[in-house]
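Shown next: upload.txt, given as compact mmCIF, C-alpha atoms and all ligand atoms.
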# COMPACT_ATOMS: atom_id res chain seq x y z
CA MET A 1 56.49 127.97 88.42
CA ARG A 2 59.64 129.87 87.53
CA ILE A 3 62.02 130.31 90.40
CA SER A 4 63.97 133.57 90.36
CA MET A 5 67.72 133.48 89.86
CA ASN A 6 68.13 134.88 93.34
CA ALA A 7 66.20 132.00 94.87
CA GLN A 8 67.96 129.46 92.69
CA ILE A 9 71.33 130.62 93.97
CA LEU A 10 70.13 130.42 97.55
CA LEU A 11 68.89 126.88 96.93
CA GLY A 12 72.21 126.05 95.30
CA ALA A 13 74.04 127.30 98.37
CA LEU A 14 71.88 125.19 100.70
CA ALA A 15 72.31 122.12 98.51
CA GLY A 16 76.07 122.72 98.47
CA VAL A 17 76.26 122.92 102.26
CA LEU A 18 74.26 119.69 102.68
CA LEU A 19 76.29 117.91 100.03
CA GLY A 20 79.52 119.11 101.64
CA LEU A 21 78.43 117.81 105.04
CA GLY A 22 77.50 114.47 103.42
CA LEU A 23 80.81 114.15 101.58
CA GLY A 24 82.71 115.24 104.68
CA ALA A 25 81.10 112.45 106.70
CA LEU A 26 82.42 109.75 104.35
CA GLU A 27 85.80 108.04 104.89
CA PRO A 28 88.60 110.27 103.54
CA ASP A 29 89.50 107.84 100.77
CA ALA A 30 86.03 106.44 100.02
CA SER A 31 85.62 106.45 96.27
CA ALA A 32 82.20 108.15 96.44
CA ARG A 33 83.83 111.03 98.32
CA LEU A 34 86.73 111.34 95.90
CA GLN A 35 84.43 111.23 92.89
CA GLY A 36 82.05 113.71 94.47
CA LEU A 37 84.91 116.09 95.20
CA TYR A 38 86.21 115.72 91.68
CA VAL A 39 82.88 116.54 90.06
CA ALA A 40 82.34 119.46 92.45
CA GLY A 41 85.84 120.71 91.65
CA LEU A 42 85.14 120.49 87.93
CA ILE A 43 81.86 122.40 88.04
CA GLY A 44 83.20 124.94 90.51
CA SER A 45 86.34 125.65 88.50
CA LEU A 46 84.28 125.97 85.33
CA PHE A 47 82.08 128.59 86.99
CA ILE A 48 85.07 130.59 88.24
CA ALA A 49 86.82 130.32 84.88
CA LEU A 50 83.74 131.70 83.11
CA LEU A 51 83.49 134.62 85.51
CA LYS A 52 87.16 135.41 85.03
CA MET A 53 86.73 135.17 81.28
CA VAL A 54 84.22 137.99 81.20
CA LEU A 55 85.89 139.98 83.97
CA VAL A 56 88.55 141.72 81.88
CA PRO A 57 86.39 143.08 79.04
CA LEU A 58 83.64 144.00 81.48
CA VAL A 59 85.85 145.87 83.94
CA PHE A 60 87.78 147.62 81.26
CA SER A 61 84.74 148.86 79.37
CA SER A 62 82.78 149.71 82.55
CA ILE A 63 85.46 152.00 83.89
CA VAL A 64 86.15 153.78 80.63
CA VAL A 65 82.44 154.33 80.02
CA GLY A 66 81.87 155.25 83.66
CA ILE A 67 84.51 157.98 83.63
CA ALA A 68 83.32 159.36 80.30
CA ARG A 69 79.73 159.57 81.52
CA LEU A 70 80.69 161.03 84.88
CA ARG A 71 82.70 163.72 83.20
CA ALA A 72 79.81 164.47 80.91
CA GLN A 73 77.67 165.01 84.02
CA GLN A 74 80.46 166.98 85.64
CA ASN A 75 80.29 165.26 89.00
CA ILE A 76 83.43 163.22 88.80
CA ARG A 77 85.12 165.06 91.67
CA GLY A 78 82.23 164.44 94.01
CA VAL A 79 82.22 160.75 93.14
CA TRP A 80 85.98 160.42 93.67
CA VAL A 81 85.89 162.16 97.01
CA THR A 82 82.87 160.31 98.41
CA THR A 83 84.14 156.95 97.16
CA LEU A 84 87.56 157.29 98.73
CA SER A 85 86.18 158.77 101.96
CA PHE A 86 83.68 155.96 102.34
CA TYR A 87 86.21 153.26 101.60
CA ILE A 88 88.89 154.64 103.91
CA GLY A 89 86.34 155.30 106.66
CA THR A 90 85.01 151.75 106.63
CA LEU A 91 88.52 150.28 106.50
CA VAL A 92 89.41 152.24 109.64
CA LEU A 93 86.26 151.01 111.38
CA ALA A 94 87.12 147.42 110.41
CA VAL A 95 90.68 147.43 111.78
CA VAL A 96 89.65 149.20 114.98
CA LEU A 97 86.98 146.54 115.47
CA GLY A 98 89.48 143.73 114.85
CA VAL A 99 92.05 145.14 117.28
CA THR A 100 89.51 145.93 119.98
CA ALA A 101 87.98 142.45 119.86
CA SER A 102 91.43 140.87 120.00
CA ASN A 103 92.35 142.94 123.06
CA VAL A 104 89.15 142.00 124.82
CA PHE A 105 89.08 138.27 124.02
CA ARG A 106 92.83 137.71 123.72
CA PRO A 107 92.73 134.72 121.35
CA GLY A 108 95.97 132.75 121.38
CA ALA A 109 96.79 133.47 125.02
CA GLY A 110 97.22 130.01 126.52
CA LEU A 111 98.38 128.39 123.27
CA GLN A 112 102.09 128.32 122.59
CA ILE A 113 103.86 128.78 119.35
CA ASP A 114 105.96 125.61 119.79
CA MET A 115 102.72 123.58 119.53
CA PHE A 116 102.92 124.44 115.86
CA ALA A 117 106.61 123.66 115.39
CA ASP A 118 105.92 120.99 112.75
CA ALA A 119 103.85 123.25 110.57
CA MET A 120 106.38 126.03 110.84
CA ALA A 121 109.40 123.88 110.09
CA ALA A 122 108.03 122.90 106.70
CA PHE A 123 107.14 126.45 105.81
CA GLU A 124 109.30 128.89 103.96
CA ALA A 125 107.92 132.34 104.68
CA LYS A 126 108.03 134.85 101.90
CA ARG A 127 109.32 138.01 103.47
CA LEU A 128 107.75 141.19 102.32
CA PRO A 129 109.35 144.16 104.05
CA PHE A 130 107.45 147.42 103.77
CA PRO A 131 109.78 149.22 101.31
CA GLU A 132 109.60 146.21 99.03
CA PHE A 133 105.83 146.05 99.33
CA LEU A 134 105.61 149.75 98.51
CA MET A 135 107.86 149.32 95.51
CA GLN A 136 105.84 146.35 94.25
CA PHE A 137 102.59 148.12 94.90
CA VAL A 138 103.51 151.34 93.13
CA THR A 139 105.14 149.78 90.12
CA GLY A 140 102.35 147.19 90.00
CA LEU A 141 99.84 149.96 89.42
CA PHE A 142 101.16 150.68 85.97
CA GLN A 143 101.68 148.06 83.34
CA ASN A 144 101.55 147.74 79.61
CA PRO A 145 97.77 147.48 79.13
CA PHE A 146 98.05 144.65 76.63
CA ALA A 147 100.02 142.60 79.13
CA SER A 148 97.49 143.21 81.89
CA LEU A 149 94.59 142.49 79.53
CA ALA A 150 96.20 139.22 78.53
CA GLN A 151 97.21 138.19 82.04
CA GLY A 152 94.02 139.41 83.65
CA SER A 153 95.95 141.54 86.16
CA ILE A 154 93.11 143.57 87.49
CA VAL A 155 94.82 146.40 89.38
CA PRO A 156 96.93 147.81 86.52
CA LEU A 157 93.96 147.29 84.23
CA VAL A 158 91.74 149.40 86.47
CA VAL A 159 94.40 152.13 86.58
CA PHE A 160 94.87 152.13 82.81
CA ALA A 161 91.13 152.20 82.21
CA LEU A 162 90.81 155.20 84.55
CA ILE A 163 93.51 157.06 82.65
CA LEU A 164 92.06 156.11 79.28
CA GLY A 165 88.60 157.24 80.42
CA VAL A 166 90.01 160.66 81.34
CA ALA A 167 91.89 160.88 78.03
CA LEU A 168 88.76 160.01 76.13
CA VAL A 169 86.88 162.84 77.75
CA HIS A 170 89.70 165.26 77.00
CA GLY A 171 89.76 164.10 73.40
CA GLY A 172 86.02 164.68 73.12
CA GLU A 173 84.20 164.19 69.81
CA ARG A 174 87.30 163.07 68.06
CA TYR A 175 87.12 159.74 69.92
CA ALA A 176 83.35 159.36 69.91
CA ALA A 177 83.67 156.09 68.01
CA ILE A 178 85.88 154.52 70.69
CA ASN A 179 83.51 155.74 73.35
CA ARG A 180 80.64 154.03 71.58
CA LEU A 181 82.66 150.89 71.09
CA MET A 182 83.33 150.76 74.83
CA GLU A 183 79.64 151.24 75.59
CA GLU A 184 78.74 148.38 73.34
CA MET A 185 81.50 146.20 74.75
CA GLN A 186 80.09 146.82 78.22
CA ASP A 187 76.54 145.91 77.15
CA LEU A 188 77.77 142.82 75.43
CA SER A 189 79.84 141.73 78.41
CA LEU A 190 76.82 142.12 80.67
CA LEU A 191 74.88 139.92 78.29
CA VAL A 192 77.56 137.27 78.67
CA VAL A 193 77.30 137.64 82.46
CA ASN A 194 73.59 136.86 82.11
CA PHE A 195 74.46 133.63 80.33
CA ILE A 196 76.99 132.67 82.99
CA MET A 197 74.46 133.32 85.74
CA ARG A 198 72.50 130.32 84.56
CA LEU A 199 75.33 128.16 85.81
CA ALA A 200 75.62 130.12 89.06
CA PRO A 201 73.36 127.91 91.25
CA TYR A 202 75.35 124.81 90.26
CA GLY A 203 78.71 126.55 90.52
CA VAL A 204 77.86 127.88 93.96
CA ALA A 205 76.62 124.45 95.12
CA ALA A 206 79.78 122.74 93.85
CA LEU A 207 82.18 125.26 95.38
CA LEU A 208 80.48 125.27 98.77
CA ALA A 209 80.29 121.46 98.84
CA ARG A 210 84.05 121.29 98.32
CA LEU A 211 84.78 124.01 100.82
CA ILE A 212 82.81 122.27 103.56
CA ALA A 213 83.84 118.69 102.78
CA THR A 214 87.55 119.49 102.86
CA GLN A 215 87.49 121.64 106.00
CA ASP A 216 89.95 120.50 108.65
CA VAL A 217 87.64 120.46 111.66
CA GLU A 218 90.33 119.38 114.11
CA LEU A 219 92.58 122.30 113.28
CA LEU A 220 89.69 124.69 113.46
CA SER A 221 88.91 123.53 116.97
CA THR A 222 92.52 123.88 118.17
CA MET A 223 92.27 127.54 117.30
CA ALA A 224 88.57 127.81 118.08
CA ARG A 225 88.92 131.01 120.05
CA PHE A 226 90.77 132.83 117.31
CA VAL A 227 88.39 131.55 114.65
CA ALA A 228 85.41 132.60 116.78
CA VAL A 229 86.80 136.10 117.38
CA VAL A 230 87.56 136.64 113.69
CA LEU A 231 84.25 135.24 112.48
CA GLY A 232 82.30 137.09 115.18
CA THR A 233 83.84 140.49 114.48
CA THR A 234 83.75 140.04 110.70
CA LEU A 235 80.06 139.16 110.89
CA PHE A 236 79.44 142.08 113.25
CA HIS A 237 81.07 144.43 110.75
CA GLY A 238 79.09 142.87 107.89
CA MET A 239 75.73 142.60 109.65
CA VAL A 240 75.70 145.64 111.94
CA VAL A 241 78.31 148.28 111.03
CA LEU A 242 78.05 148.28 107.22
CA PRO A 243 74.24 147.88 107.01
CA GLY A 244 73.99 150.56 109.72
CA LEU A 245 75.98 152.99 107.59
CA LEU A 246 73.88 152.09 104.57
CA TYR A 247 70.69 152.81 106.49
CA LEU A 248 72.09 156.04 107.86
CA PHE A 249 72.99 157.40 104.44
CA THR A 250 70.28 155.95 102.23
CA ARG A 251 67.48 154.48 104.39
CA VAL A 252 67.92 151.15 102.64
CA THR A 253 67.09 148.52 105.28
CA PRO A 254 69.31 145.50 106.05
CA LEU A 255 66.60 143.20 104.69
CA ALA A 256 66.46 145.08 101.39
CA LEU A 257 70.26 144.94 101.30
CA TRP A 258 70.29 141.18 101.74
CA ARG A 259 67.54 140.66 99.17
CA GLY A 260 69.25 142.82 96.59
CA ALA A 261 72.80 141.74 97.23
CA ARG A 262 72.57 138.04 97.91
CA GLU A 263 73.45 136.80 94.41
CA SER A 264 76.73 138.56 94.78
CA LEU A 265 77.32 137.76 98.47
CA ILE A 266 76.71 134.04 98.03
CA THR A 267 79.02 133.98 95.02
CA ALA A 268 81.70 135.71 97.08
CA LEU A 269 81.29 133.08 99.80
CA ALA A 270 81.61 130.28 97.29
CA THR A 271 84.51 131.66 95.25
CA SER A 272 86.54 133.45 97.99
CA SER A 273 87.41 136.01 95.33
CA SER A 274 86.04 139.52 95.05
CA ALA A 275 87.54 139.84 91.58
CA ALA A 276 85.74 136.75 90.26
CA THR A 277 82.54 138.04 91.88
CA MET A 278 82.83 141.52 90.33
CA PRO A 279 80.75 140.84 87.20
CA ILE A 280 77.86 139.80 89.44
CA THR A 281 78.43 142.71 91.81
CA LEU A 282 78.17 145.18 88.93
CA ARG A 283 74.99 143.50 87.82
CA VAL A 284 73.30 143.62 91.24
CA VAL A 285 74.12 147.23 92.07
CA GLU A 286 72.72 148.39 88.75
CA ARG A 287 69.69 146.13 88.64
CA ASN A 288 68.67 145.83 92.25
CA PHE A 289 69.84 149.10 93.77
CA GLY A 290 69.36 151.42 90.82
CA VAL A 291 72.97 152.64 90.84
CA ARG A 292 73.64 154.33 87.51
CA PRO A 293 76.17 152.51 85.31
CA ALA A 294 78.40 155.59 85.39
CA THR A 295 78.71 155.41 89.18
CA ALA A 296 78.85 151.64 89.38
CA GLY A 297 81.47 151.43 86.65
CA PHE A 298 83.75 153.50 88.78
CA VAL A 299 82.95 152.61 92.40
CA VAL A 300 82.69 148.82 92.08
CA PRO A 301 85.97 148.10 90.25
CA VAL A 302 87.93 150.49 92.47
CA GLY A 303 86.33 148.92 95.55
CA THR A 304 86.97 145.38 94.39
CA THR A 305 90.68 146.00 94.09
CA MET A 306 91.18 148.30 97.07
CA ASN A 307 88.34 148.23 99.57
CA MET A 308 88.61 145.07 101.67
CA ASP A 309 87.17 145.56 105.14
CA GLY A 310 87.09 141.85 105.91
CA THR A 311 90.74 141.43 104.95
CA ALA A 312 91.89 144.47 106.94
CA LEU A 313 90.03 143.28 110.02
CA TYR A 314 91.48 139.80 109.64
CA GLU A 315 95.05 140.96 109.24
CA ALA A 316 94.88 143.12 112.34
CA ALA A 317 93.28 140.37 114.42
CA ALA A 318 95.75 137.77 113.14
CA ALA A 319 98.76 139.92 114.04
CA LEU A 320 97.51 140.27 117.61
CA PHE A 321 96.84 136.53 117.72
CA VAL A 322 100.43 135.80 116.71
CA ALA A 323 101.69 138.28 119.29
CA ASN A 324 99.76 136.38 121.98
CA LEU A 325 101.16 133.06 120.73
CA VAL A 326 104.73 134.24 121.06
CA GLY A 327 103.96 136.03 124.32
CA ILE A 328 104.66 139.59 123.19
CA ASP A 329 102.51 142.40 124.51
CA LEU A 330 102.15 144.99 121.78
CA SER A 331 102.12 148.58 123.02
CA ILE A 332 99.41 150.98 121.92
CA GLY A 333 101.86 152.53 119.44
CA GLN A 334 102.64 149.13 117.95
CA GLN A 335 98.94 148.37 117.69
CA VAL A 336 98.44 151.59 115.77
CA ILE A 337 101.19 150.47 113.38
CA VAL A 338 99.43 147.11 113.03
CA CYS A 339 96.20 148.93 112.15
CA ALA A 340 97.83 151.15 109.53
CA MET A 341 99.73 148.24 108.00
CA SER A 342 96.63 146.05 107.93
CA MET A 343 94.79 148.69 105.98
CA LEU A 344 97.64 149.02 103.52
CA ALA A 345 97.94 145.26 103.23
CA ALA A 346 94.22 144.99 102.48
CA VAL A 347 94.39 147.74 99.86
CA GLY A 348 97.35 145.99 98.27
CA ALA A 349 95.85 142.48 98.29
CA PRO A 350 94.31 141.48 94.96
CA GLY A 351 90.78 140.07 95.13
CA ILE A 352 91.78 136.42 94.82
CA PRO A 353 91.60 133.52 97.30
CA SER A 354 94.01 133.79 100.25
CA ALA A 355 95.58 136.98 98.89
CA GLY A 356 95.38 138.46 102.36
CA MET A 357 97.75 135.76 103.58
CA VAL A 358 100.52 136.99 101.32
CA THR A 359 100.33 140.60 102.39
CA MET A 360 100.07 139.41 106.02
CA ALA A 361 103.86 139.04 106.08
CA MET A 362 104.25 142.79 105.92
CA VAL A 363 101.93 143.37 108.87
CA LEU A 364 103.78 140.85 111.06
CA GLN A 365 107.16 142.26 110.14
CA SER A 366 106.19 145.83 110.86
CA VAL A 367 106.18 145.08 114.59
CA GLY A 368 108.82 142.35 114.59
CA LEU A 369 106.55 139.30 114.83
CA PRO A 370 107.72 136.01 113.27
CA VAL A 371 106.60 135.79 109.65
CA GLU A 372 106.76 131.98 109.87
CA ALA A 373 103.58 132.12 111.94
CA ILE A 374 101.69 132.40 108.65
CA ALA A 375 102.17 128.64 108.47
CA ILE A 376 99.81 128.29 111.43
CA LEU A 377 97.17 130.47 109.86
CA LEU A 378 97.21 128.99 106.36
CA PRO A 379 95.42 125.70 107.06
CA ILE A 380 92.43 127.44 108.61
CA ASP A 381 92.35 130.15 106.00
CA ARG A 382 89.81 128.67 103.62
CA LEU A 383 86.83 129.18 105.85
CA LEU A 384 87.93 132.60 107.11
CA ASP A 385 88.78 133.72 103.58
CA ALA A 386 85.27 132.83 102.38
CA VAL A 387 83.66 134.92 105.11
CA ARG A 388 85.96 137.94 104.79
CA THR A 389 85.46 137.97 101.01
CA VAL A 390 81.69 138.30 101.56
CA VAL A 391 82.27 141.38 103.72
CA ASN A 392 84.78 142.77 101.19
CA VAL A 393 82.16 142.53 98.45
CA GLU A 394 79.38 143.83 100.70
CA GLY A 395 81.50 146.93 101.34
CA ASP A 396 81.76 147.59 97.61
CA ILE A 397 78.01 147.19 97.08
CA ILE A 398 77.17 149.48 99.98
CA GLY A 399 79.85 151.93 98.85
CA SER A 400 78.29 152.27 95.42
CA VAL A 401 74.76 152.72 96.78
CA VAL A 402 75.96 155.41 99.22
CA VAL A 403 78.05 157.21 96.58
CA GLU A 404 75.08 157.18 94.21
CA LYS A 405 72.85 158.67 96.88
CA LEU A 406 75.38 161.40 97.75
CA ASN A 407 75.96 162.29 94.09
CA PRO A 408 72.50 162.39 92.53
CA PRO A 409 72.20 162.83 88.78
CA GLN A 410 72.65 166.41 87.72
CA PRO A 411 70.89 167.99 84.81
CA VAL A 412 72.78 166.64 81.87
CA ALA A 413 75.24 169.18 80.58
CA ALA A 414 75.89 169.76 76.94
CA PRO A 415 77.25 166.64 75.23
CA VAL A 416 80.96 166.14 75.63
CA GLN A 417 82.66 168.38 73.18
CA ALA A 418 86.10 168.31 71.84
CA ASN A 419 88.18 170.62 73.92
CA PRO A 420 90.70 172.06 71.47
CA ASP A 421 92.75 173.63 74.24
CA ALA A 422 93.18 170.43 76.16
CA LEU A 423 93.92 168.57 72.98
CA ALA A 424 96.51 171.08 71.90
CA ARG A 425 98.09 170.91 75.34
CA SER A 426 98.23 167.16 75.36
CA VAL A 427 99.59 166.90 71.87
CA GLY A 428 101.94 169.82 72.04
N1 LIG B 501 89.93 136.52 99.12
C1 LIG B 501 89.82 137.91 99.44
C2 LIG B 501 89.05 138.62 98.37
O1 LIG B 501 89.06 138.25 97.24
C3 LIG B 501 91.14 138.56 99.66
C4 LIG B 501 91.78 138.01 100.90
O2 LIG B 501 92.47 136.99 100.82
O3 LIG B 501 91.55 138.53 101.98
O4 LIG B 501 88.40 139.59 98.62

Could the structure of this file be written out as structure tokens, please?
Ligand code: ASP
Amino acid sequence: MRISMNAQILLGALAGVLLGLGLGALEPDASARLQGLYVAGLIGSLFIALLKMVLVPLVFSSIVVGIARLRAQQNIRGVWVTTLSFYIGTLVLAVVLGVTASNVFRPGAGLQIDMFADAMAAFEAKRLPFPEFLMQFVTGLFQNPFASLAQGSIVPLVVFALILGVALVHGGERYAAINRLMEEMQDLSLLVVNFIMRLAPYGVAALLARLIATQDVELLSTMARFVAVVLGTTLFHGMVVLPGLLYLFTRVTPLALWRGARESLITALATSSSAATMPITLRVVERNFGVRPATAGFVVPVGTTMNMDGTALYEAAAALFVANLVGIDLSIGQQVIVCAMSMLAAVGAPGIPSAGMVTMAMVLQSVGLPVEAIAILLPIDRLLDAVRTVVNVEGDIIGSVVVEKLNPPQPVAAPVQANPDALARSVG
């Protein structure tokens, strides 16, 4: 009997959890544990490296092709507007949820910040004041495309691909060959993703085994209340709010969502990186949810780099946790600032492990909380990062299904034609 890839990945995840529990139960320096961790690290890193390898050509070609096709169908404006509205709307819901839960359950009240003096003493916080963040963010959007291709910097790559896609449409027939080249590059990259997927069950098992075996259970229990509030609200957002929106807009049920999306969600859990998961996310939305490549090629890459509900929720909840630790009561106005900053910080965080921790500094500073408190959060971040990454990726999948539904295919207009006026304008 052939087991489907979907089921294989699920089995891989279960095997990884069991293996992780087994390895975690061994003595910390037992050689079986060390060897097990080494092998798991090797397989896991190989899987992530392969995904990152295909990420750049795939994202680049998908966006360029997506824009060109959208323009040809003349619904690019609708797609832009619905994508951004959906992403901003869900980010707002996420931060409001995080702040409300923190106000109700008050995690951190009762603990004191000096309990963590050791951790904080050894920690040099990287300060990221808002003007500096803004400067970095804005200039980071634009980069020499060859540098970002080579370094795999996803955000400037996405921006350049968007611009190139628009230019290609303006250029029309004259650049038909490049357009075709991009289409073929996208097809070919997806073929490579299919190859990599064969390793996915093993990669997922290895990464989860490591994640669970190296979890610091003691630390987690010291901050159990905070961890429970963050996990509880993140799961609520991921299992109730987002699937609810999906059902509302498209009538796709939560069960169908889970069935269709799980390859991608489990990979997000294992890799803690929405960027590394993106090749699989593109694959599932097209294959399992029937999102047209033109829509997916636009909505998924933009979502991966900007739409992070789990991260926004976490940053808001963590800021309130720190406020409780240091015994500061944040006013409503300050909490609104925390919400706005958390959204910005999530938009600015790249889709890599623990990225949210770096932009966290800005959120804390915005209301005068000690940035050093990040030292307390870092050791428990692995588990929380894994869970918020799943919700980040889920938001992108749901976003593309909703945007597709709201922007149905239109009768195909005449093939893209060279627009001599536009060309003359851009050249002259
Ligand atoms: N790891 C997250 C992601 O890739 C970002 C974060 O640290 O919150 O989506």

>> So that I can see what lies close to Phe236 of chain A, please list as a list in words the residues with an atom at most 12 Å from it, counting all atoms listed in the file and leaving out residues fewer than 6 positions away in the same chain.
In response: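 The neighbour list is Leu93, Ala94, Leu97, Gly98, Ala101, Ala228, Val229, Val230, Leu242, Pro243, Gly244, Asp309, Gly310, Leu313, Val387, Arg388 and Val391 of chain A.
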
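Compared by their closest atoms to ligand LIG 501 (chain B), and using only C-alpha atoms and all ligand atoms, the residues A:Gln215, A:Thr305, A:Ser354, A:Ser400 rank with A:Ser354 nearest.
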
Could the residues that lie within 10 Å of ligand LIG 501 (chain B), counting only C-alpha atoms and all ligand atoms, be listed as a CSV table (one decimal) with C-alpha atoms, in the coordinates of the input?
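Everything below was put into out_8.csv:
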chain,number,residue,atom,x,y,z
A,268,ALA,CA,81.7,135.7,97.1
A,269,LEU,CA,81.3,133.1,99.8
A,271,THR,CA,84.5,131.7,95.2
A,272,SER,CA,86.5,133.4,98.0
A,273,SER,CA,87.4,136.0,95.3
A,274,SER,CA,86.0,139.5,95.0
A,275,ALA,CA,87.5,139.8,91.6
A,276,ALA,CA,85.7,136.8,90.3
A,277,THR,CA,82.5,138.0,91.9
A,278,MET,CA,82.8,141.5,90.3
A,304,THR,CA,87.0,145.4,94.4
A,305,THR,CA,90.7,146.0,94.1
A,306,MET,CA,91.2,148.3,97.1
A,307,ASN,CA,88.3,148.2,99.6
A,308,MET,CA,88.6,145.1,101.7
A,309,ASP,CA,87.2,145.6,105.1
A,310,GLY,CA,87.1,141.8,105.9
A,311,THR,CA,90.7,141.4,105.0
A,312,ALA,CA,91.9,144.5,106.9
A,313,LEU,CA,90.0,143.3,110.0
A,314,TYR,CA,91.5,139.8,109.6
A,315,GLU,CA,95.0,141.0,109.2
A,345,ALA,CA,97.9,145.3,103.2
A,346,ALA,CA,94.2,145.0,102.5
A,347,VAL,CA,94.4,147.7,99.9
A,348,GLY,CA,97.4,146.0,98.3
A,349,ALA,CA,95.8,142.5,98.3
A,350,PRO,CA,94.3,141.5,95.0
A,351,GLY,CA,90.8,140.1,95.1
A,352,ILE,CA,91.8,136.4,94.8
A,353,PRO,CA,91.6,133.5,97.3
A,354,SER,CA,94.0,133.8,100.2
A,355,ALA,CA,95.6,137.0,98.9
A,356,GLY,CA,95.4,138.5,102.4
A,357,MET,CA,97.8,135.8,103.6
A,358,VAL,CA,100.5,137.0,101.3
A,359,THR,CA,100.3,140.6,102.4
A,360,MET,CA,100.1,139.4,106.0
A,381,ASP,CA,92.4,130.2,106.0
A,382,ARG,CA,89.8,128.7,103.6
A,384,LEU,CA,87.9,132.6,107.1
A,385,ASP,CA,88.8,133.7,103.6
A,386,ALA,CA,85.3,132.8,102.4
A,387,VAL,CA,83.7,134.9,105.1
A,388,ARG,CA,86.0,137.9,104.8
A,389,THR,CA,85.5,138.0,101.0
A,390,VAL,CA,81.7,138.3,101.6
A,391,VAL,CA,82.3,141.4,103.7
A,392,ASN,CA,84.8,142.8,101.2
A,393,VAL,CA,82.2,142.5,98.4

> Interatomic distance between atom CA of Gly20 of chain A and atom CA of Leu208 of chain A?
Replying inline: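 Separation of atom CA of Gly20 of chain A and atom CA of Leu208 of chain A: 6.9 Å.
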
>> One number please: atom CA of Ala323 of chain A to atom CA of Val367 of chain A, in Å, one decimal.
In response: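 These two atoms are separated by 9.4 Å.
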
>> For a test of reading the model, state the distance in Å between atom CA of Val336 of chain A and atom CA of Ala317 of chain A, rounded to one decimal.
In response: 12.4 Å

>> Need to verify the contact set: Gly333 of chain A, 12 Å, all atoms listed in the file, exclusion of same-chain residues closer than 6 positions in sequence. Can you return it as a list in words?
In response: Cys339, Ala340, Ser366 and Val367 of chain A

Near segment 279-283 of chain A, 10 Å: segment 39-99 of chain A residue rows, closest pairs, all atoms listed in the file, as JSON lines:
{"residue": "A:Leu51", "atom": "CA", "partner": "A:Pro279", "partner_atom": "CA", "distance": 7.0}
{"residue": "A:Lys52", "atom": "CA", "partner": "A:Pro279", "partner_atom": "CA", "distance": 8.7}
{"residue": "A:Val54", "atom": "CA", "partner": "A:Pro279", "partner_atom": "CA", "distance": 7.5}
{"residue": "A:Leu55", "atom": "CA", "partner": "A:Pro279", "partner_atom": "CA", "distance": 6.1}
{"residue": "A:Val56", "atom": "CA", "partner": "A:Pro279", "partner_atom": "CA", "distance": 9.5}
{"residue": "A:Leu58", "atom": "CA", "partner": "A:Pro279", "partner_atom": "CA", "distance": 7.1}
{"residue": "A:Val59", "atom": "CA", "partner": "A:Pro279", "partner_atom": "CA", "distance": 7.9}
{"residue": "A:Ser62", "atom": "CA", "partner": "A:Leu282", "partner_atom": "CA", "distance": 9.1}

Report as a short mmCIF file (atom, residue, chain, number, x, y, z; two decimals) with C-alpha atoms, in the frame of the given file all protein, DNA and RNA residues lying within 12 Å of Asp329 of chain A, evaluated on all atoms listed in the file, omitting residues in the same chain fewer than 4 positions from it.
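Produced file part23.cif, reproduced below:
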data_model
loop_
_atom_site.label_atom_id
_atom_site.label_comp_id
_atom_site.auth_asym_id
_atom_site.auth_seq_id
_atom_site.Cartn_x
_atom_site.Cartn_y
_atom_site.Cartn_z
CA ASN A 103 92.35 142.94 123.06
CA ARG A 106 92.83 137.71 123.72
CA ALA A 109 96.79 133.47 125.02
CA ALA A 319 98.76 139.92 114.04
CA LEU A 320 97.51 140.27 117.61
CA PHE A 321 96.84 136.53 117.72
CA VAL A 322 100.43 135.80 116.71
CA ALA A 323 101.69 138.28 119.29
CA ASN A 324 99.76 136.38 121.98
CA LEU A 325 101.16 133.06 120.73
CA GLY A 333 101.86 152.53 119.44
CA GLN A 334 102.64 149.13 117.95
CA GLN A 335 98.94 148.37 117.69
CA VAL A 367 106.18 145.08 114.59
CA GLY A 368 108.82 142.35 114.59
CA LEU A 369 106.55 139.30 114.83
#

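Nearest to Glu173 of chain A of all the residues A:Ile397, A:Met239, A:Ala161, A:Ala68 is A:Ala68, counting only C-alpha atoms.
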
> Which residue out of A:Gly140, A:Gly399, A:Gly238, A:Gly203 has the minimum interatomic distance to Val155 of chain A when only C-alpha atoms are used?
Replying inline: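 Nearest to Val155 of chain A: A:Gly140.
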
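With only the atoms specified (all atoms listed in the file) counting, those residues at most 12 Å away from (98.0, 147.4, 77.3) are Val56, Phe60, Phe142, Gln143, Asn144, Pro145, Phe146, Ala147, Ser148, Leu149, Ala150, Gln151, Gly152, Ser153, Ile154, Pro156, Leu157, Val158, Val159, Phe160, Ala161, Ile163 and Leu164 of chain A.
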
Any chance you could export the current selection's C-alpha atoms as a short mmCIF file (atom, residue, chain, number, x, y, z; two decimals), in the coordinates of the input?
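Listing of result20.cif after writing:
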data_model
loop_
_atom_site.label_atom_id
_atom_site.label_comp_id
_atom_site.auth_asym_id
_atom_site.auth_seq_id
_atom_site.Cartn_x
_atom_site.Cartn_y
_atom_site.Cartn_z
CA VAL A 56 88.55 141.72 81.88
CA PHE A 60 87.78 147.62 81.26
CA PHE A 142 101.16 150.68 85.97
CA GLN A 143 101.68 148.06 83.34
CA ASN A 144 101.55 147.74 79.61
CA PRO A 145 97.77 147.48 79.13
CA PHE A 146 98.05 144.65 76.63
CA ALA A 147 100.02 142.60 79.13
CA SER A 148 97.49 143.21 81.89
CA LEU A 149 94.59 142.49 79.53
CA ALA A 150 96.20 139.22 78.53
CA GLN A 151 97.21 138.19 82.04
CA GLY A 152 94.02 139.41 83.65
CA SER A 153 95.95 141.54 86.16
CA ILE A 154 93.11 143.57 87.49
CA PRO A 156 96.93 147.81 86.52
CA LEU A 157 93.96 147.29 84.23
CA VAL A 158 91.74 149.40 86.47
CA VAL A 159 94.40 152.13 86.58
CA PHE A 160 94.87 152.13 82.81
CA ALA A 161 91.13 152.20 82.21
CA ILE A 163 93.51 157.06 82.65
CA LEU A 164 92.06 156.11 79.28
#
